[in-house]
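Below is one structure; the comments refer to it alone.
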Amino acid sequence: MAEVIETTEDIRKQYIVVKIGSEQYGIDISYVDTIVRMQKITRVPKVQTYFKGIINLRGEIVPVMSVRTKMGLEDDVFTNASRIIILKFEQQSSLGIIVDEVKEVVTLGNNQIDKVDKNVYNSKDTKDFINGVGKNGEELISLLDLGAIIGEKENE
Amino acid sequence: MDVSQYLEIFIDETSEHIQSLSDCIMTLEKEPDNKDTINEIFRAAHSLKGMAGTMGFKRMQHLTHDMENVFQEVRSDKVKVTSDMIDLLFQCLDAIEGYLDTIKETSDEGTEDNEAIIKGLNAFLENAEGKDAPQDETVAAKTEQETQQPQEVSDQKKYLKIEFSDSEKEAIKTAEEAGNKIYGITVHIQKECLLKAARAFLVFKAVEEFGQIIIYRPSSQDIEDEKFENDFSFYLATETELETVLTSIQNVSEIESAIGEEVKYETISAASAKAEEEASKKAPAAVTAKAPEAAPKKDVKAAAAKGKTTGKPVTSRTVRVDIEKLDALMNQVSELIIAKNSLVSISSSEGGNFQNQTFHEQIEYLERITTNLHESVMKVRMVPIESVVSKFPRMIRDLSRKLDKKMELIMSGEDTELDRTVVDQIGDPLQHLLRNSADHGLESAELRKERGKPEVGTIRLNAFQEGNNVIIEVSDDGNGIDTEHVKGKAIERGLVTEEQAEKLTEKEIIDFLFMPSFSMAKQITDISGRGVGLDVVKSNIEALGGDVEVKTKLGEGTKFTVRLPLTLAIIQALMVEIRDEKYAIALGSISNIEDIPVKDIKYVQSKEVIHLRGMVIPLVRLDKVLDIEPREKEPESLTVVIVKKGEKFAGLVVDNLMGQQEIVIKSLGKYINNNKLISGATILGDGEVALILDVNTLM
């Protein structure tokens, strides 16, 4: 397990790799409660545009957010591959985010991740929502900054 | 002895005693000669002292002890009740409350000695008493001795004092005839024992292994309810030796002693005949002495509309439960109702093979059970608002002194019940409103006289239930709100321009008062005027799903109406459909449902209204309000749900009615921006999510 290999220099974490638009994003697995198939989302009027609505997750009401809208991309197109990833933060209620596809789980060490300095980029960019870029072989995975995703700031 | 396990009970009971003390002292101030109140105060102070002593809170014990002394003097008519004394007593209460707060936080009473108050109390005793004091002590001591003496005689062998009824005598006789020995036994429990009833139970359990207990003194019910001092007696019919029985009793922990001897039926019947004679002599005296005391006490209590009594009988029939356990129970009931709803929806779906008659009957039965279960759980969670409002008379009294205005608080409907979580949170808002009335509402005595009003201002707090809501009204007969003045202030602060201000309705002007940091007080007092009053009131009450309304008439007074939901968890609701979206409307706020032909819609100030049985009701197009696609073609008649809020009505236009349902209210979570239109969501039988409309915001 990850804990066994763990050393002080090289902290290894697992990420779920998802596709949003054309890009691949990584979500820290420790915040993922569960992944569910796309289901009927009940629209809630007069809320932030990036909230698609709420779903019934085993008897609990969970709000679902469109990461695409939040990041200022074009609207979601729901396909058979679309999934809702239910995130769970300590002490807080759950939140679902919509992704186009869930691909795999990867383990990345510190040395495989390039930190992103947010100031370098234009603030009105999708980069606002990532806190690092992971390299898994030839593939690049943008690591989502979940704090920014659930935060109030909207990218418009 | 480790008493930490009793800390919570101690905290609860102490707050109860403090409250009853506070109530009584208020009464005492008005009727200084009311002996029953004084007695009650004395009792409460005494219990406080005892409890503090048991828990090892020395400072608290000291203070309550000195307080008790003062009451002792009052009780024996040595000291007259003065307003200075009342002030001092209230200071005492505050100090005790201070101790209690410290205990709550740290499980320790802290180091505050409150010497000033103790000195004050003692000075009181000395000043008022002078040289009488020492003599008094001896008198007290003597009476104490006197009361103790007869006790001592019977102390050891109380079973000898028992008076038997005929049936009990008969039982002894039968037991004896059956060849059993009869033992009279008196058991003394250690004074510091806290669970006396439990000890007694263990004793009985131990004894019953040997034989049968024929007679209990006090009665077994009273023992179970802990209605006895430190000892109890019983008669046992057994074949075992007395020694064995007594040893087994003494093996029960916290038992001080067990004394007994064998008795014969003849001696008992002879003794009881004698005792009866004596008793019959004594009885009339005792009855006359007791009855008048007991009767008026009850009256006083009834008059004060108090559900609480300081005595044990009532408290021992209740169970203190952690609110979290109730929450857990409530959650499970909610789950059950959701599961039941889905069963109902399966059974009514056409595709299923559930046309069986019995199946439907069982489903209906299940529905009844879950509804009753829910009601029961709700009732358990309901507490009277009394626990919150009972501190207000004291507060108004203090305010009256501080502000130098004469005022009285009249409360009614304190027994109105609300969900515990709501009750816990309405204290602050109500306090704000009362302070507001006292400070801004009521005029000074001179001005009142000038206006021909009674010198003493009246503040009323009235609570009652209305449908699914509880209404709490706070009103005063003071100055009322000067809307012109408020308007001026709003213009001055740049909230509106003068032209806009002209068009404002009275309601809109009053709404300014609920805006953050909009204070009307000309000067800031420490009572109100910092502008953090009414807006906090409003947001607190809205957070509970309620709202506040104001009615005012300049020169005559103001009335704040607080409307709160009865329950926070499960409600009966009407499910409606608008296009393909489903919404729930609380049944309690629905007045009736009408089919209105489109041609009957009238326009007032270019707003749609309907005219219904003499009322003009504004129409609310829910599809527009909720951003739903408009209908391609307007139908000829509209289904309108008429909802009411107090005296206001509104007609909500929906597409379809789906029927009534019990729904479990779930929060939308805090990620979604607080949306006042939607008060929550619920899960329907088929797993679909429907939103709950808060109709109060639509009016």
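Please note that chains go A, B, ... in the order of the structure tokens, that every chain numbers its residues from 1, and that ligands are numbered from 1 in the order shown.
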Exercise. Once you count only C-alpha atoms, which residues of chain A turn out to be within 8 Å of chain B? Could you give them as JSON, numbers by chain?
Worked result: {"A": [40, 42, 44, 45, 46, 47, 48, 51, 54, 55, 56, 59, 60, 61, 62, 63, 93, 95, 150]}
The selected residues should be written to file as an mmCIF file, in the first residue's frame (atoms: C-alpha atoms).
```cif
data_model
loop_
_atom_site.group_PDB
_atom_site.id
_atom_site.type_symbol
_atom_site.label_atom_id
_atom_site.label_comp_id
_atom_site.auth_asym_id
_atom_site.auth_seq_id
_atom_site.Cartn_x
_atom_site.Cartn_y
_atom_site.Cartn_z
ATOM 1 C CA LYS A 40 -31.779 12.631 -13.066
ATOM 2 C CA THR A 42 -33.397 18.042 -10.119
ATOM 3 C CA VAL A 44 -32.995 24.189 -8.315
ATOM 4 C CA PRO A 45 -34.131 27.631 -9.436
ATOM 5 C CA LYS A 46 -32.250 30.821 -8.628
ATOM 6 C CA VAL A 47 -28.925 29.349 -7.637
ATOM 7 C CA GLN A 48 -25.384 29.752 -8.889
ATOM 8 C CA PHE A 51 -24.983 24.171 -9.845
ATOM 9 C CA ILE A 54 -29.517 18.110 -6.618
ATOM 10 C CA ILE A 55 -29.635 14.333 -6.693
ATOM 11 C CA ASN A 56 -30.818 11.634 -4.349
ATOM 12 C CA GLY A 59 -31.556 8.942 0.655
ATOM 13 C CA GLU A 60 -29.293 11.943 1.003
ATOM 14 C CA ILE A 61 -29.688 15.140 -0.964
ATOM 15 C CA VAL A 62 -26.412 15.969 -2.693
ATOM 16 C CA PRO A 63 -25.874 19.119 -4.769
ATOM 17 C CA SER A 93 -21.649 17.736 3.431
ATOM 18 C CA LEU A 95 -20.868 17.522 -3.224
ATOM 19 C CA ILE A 150 -15.929 24.156 -4.145
#
```
For this session: Determine which residues of stretch 76-118 of chain A receive a DSSP assignment of strand (DSSP E), computed from the backbone, and state them as a list in words.
Result: Arg83, Ile84, Ile85, Ile86, Leu87, Leu95, Gly96, Ile97, Ile98, Val99, Glu101, Val102, Lys103, Glu104, Val105, Val106, Thr107, Leu108, Ile113, Asp114 and Lys115 of chain A
Keeping only C-alpha atoms, write those residues as a PDB file, in the first residue's frame.
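out.pdb, written as the output of this step:
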```pdb
ATOM      1  CA  ARG A  83     -20.265  10.195 -14.235  1.00  0.00           C
ATOM      2  CA  ILE A  84     -20.921  12.125 -11.055  1.00  0.00           C
ATOM      3  CA  ILE A  85     -18.028  12.021  -8.636  1.00  0.00           C
ATOM      4  CA  ILE A  86     -19.212  12.496  -5.057  1.00  0.00           C
ATOM      5  CA  LEU A  87     -16.640  14.384  -3.047  1.00  0.00           C
ATOM      6  CA  LEU A  95     -20.868  17.522  -3.224  1.00  0.00           C
ATOM      7  CA  GLY A  96     -21.087  15.955  -6.661  1.00  0.00           C
ATOM      8  CA  ILE A  97     -19.130  17.088  -9.704  1.00  0.00           C
ATOM      9  CA  ILE A  98     -19.900  16.051 -13.241  1.00  0.00           C
ATOM     10  CA  VAL A  99     -17.124  14.610 -15.389  1.00  0.00           C
ATOM     11  CA  GLU A 101     -15.468  10.086 -18.269  1.00  0.00           C
ATOM     12  CA  VAL A 102     -13.635   8.286 -15.498  1.00  0.00           C
ATOM     13  CA  LYS A 103     -10.481   6.621 -16.856  1.00  0.00           C
ATOM     14  CA  GLU A 104      -8.264   5.082 -14.215  1.00  0.00           C
ATOM     15  CA  VAL A 105      -6.558   5.428 -10.883  1.00  0.00           C
ATOM     16  CA  VAL A 106      -2.883   6.419 -10.884  1.00  0.00           C
ATOM     17  CA  THR A 107      -0.332   6.752  -8.125  1.00  0.00           C
ATOM     18  CA  LEU A 108       1.868   9.795  -8.363  1.00  0.00           C
ATOM     19  CA  ILE A 113       4.220  16.481  -9.893  1.00  0.00           C
ATOM     20  CA  ASP A 114       5.086  19.973 -11.055  1.00  0.00           C
ATOM     21  CA  LYS A 115       3.616  22.558  -8.777  1.00  0.00           C
TER      22      LYS A 115
END
```
Problem set entry | All residues 9 Å or closer to B:Thr14, only C-alpha atoms, same chain fewer than 2 positions away omitted, as a VMD selection string | chain B and resid 9 to 12 16 to 19 47 to 48 51 to 52 97 100
Exercise. What's the 12 Å shell around B:Leu336, counting only C-alpha atoms, without same-chain residues fewer than 2 positions away, as a PyMOL selection string?
Worked result: (chain A and resi 59) or (chain B and resi 329-334+338-343+366-367+369-371+373-374+570+662-664+685)
Please produce a file of those selected residues containing C-alpha atoms, as a short mmCIF file (atom, residue, chain, number, x, y, z; two decimals), in the first residue's frame.
```
data_model
loop_
_atom_site.label_atom_id
_atom_site.label_comp_id
_atom_site.auth_asym_id
_atom_site.auth_seq_id
_atom_site.Cartn_x
_atom_site.Cartn_y
_atom_site.Cartn_z
CA GLY A 59 -31.56 8.94 0.66
CA LEU B 329 -34.37 8.64 16.33
CA MET B 330 -35.91 11.34 14.19
CA ASN B 331 -33.55 10.51 11.35
CA GLN B 332 -34.52 6.89 11.50
CA VAL B 333 -38.19 7.80 11.46
CA SER B 334 -37.48 9.93 8.41
CA ILE B 338 -39.11 7.53 2.83
CA ALA B 339 -39.11 3.74 2.62
CA LYS B 340 -42.86 3.70 3.29
CA ASN B 341 -43.42 6.30 0.57
CA SER B 342 -41.59 4.16 -1.94
CA LEU B 343 -43.68 1.14 -0.98
CA LEU B 366 -48.15 0.89 7.62
CA GLU B 367 -48.93 4.46 6.64
CA ILE B 369 -48.22 3.55 11.95
CA THR B 370 -45.48 5.66 10.46
CA THR B 371 -47.62 8.78 10.76
CA LEU B 373 -44.72 7.17 15.05
CA HIS B 374 -43.66 10.43 13.56
CA ILE B 570 -41.34 16.18 8.54
CA GLU B 662 -45.95 13.24 4.21
CA ILE B 663 -42.53 14.53 3.31
CA VAL B 664 -39.18 14.57 5.04
CA GLY B 685 -41.44 7.46 -3.15
#
```
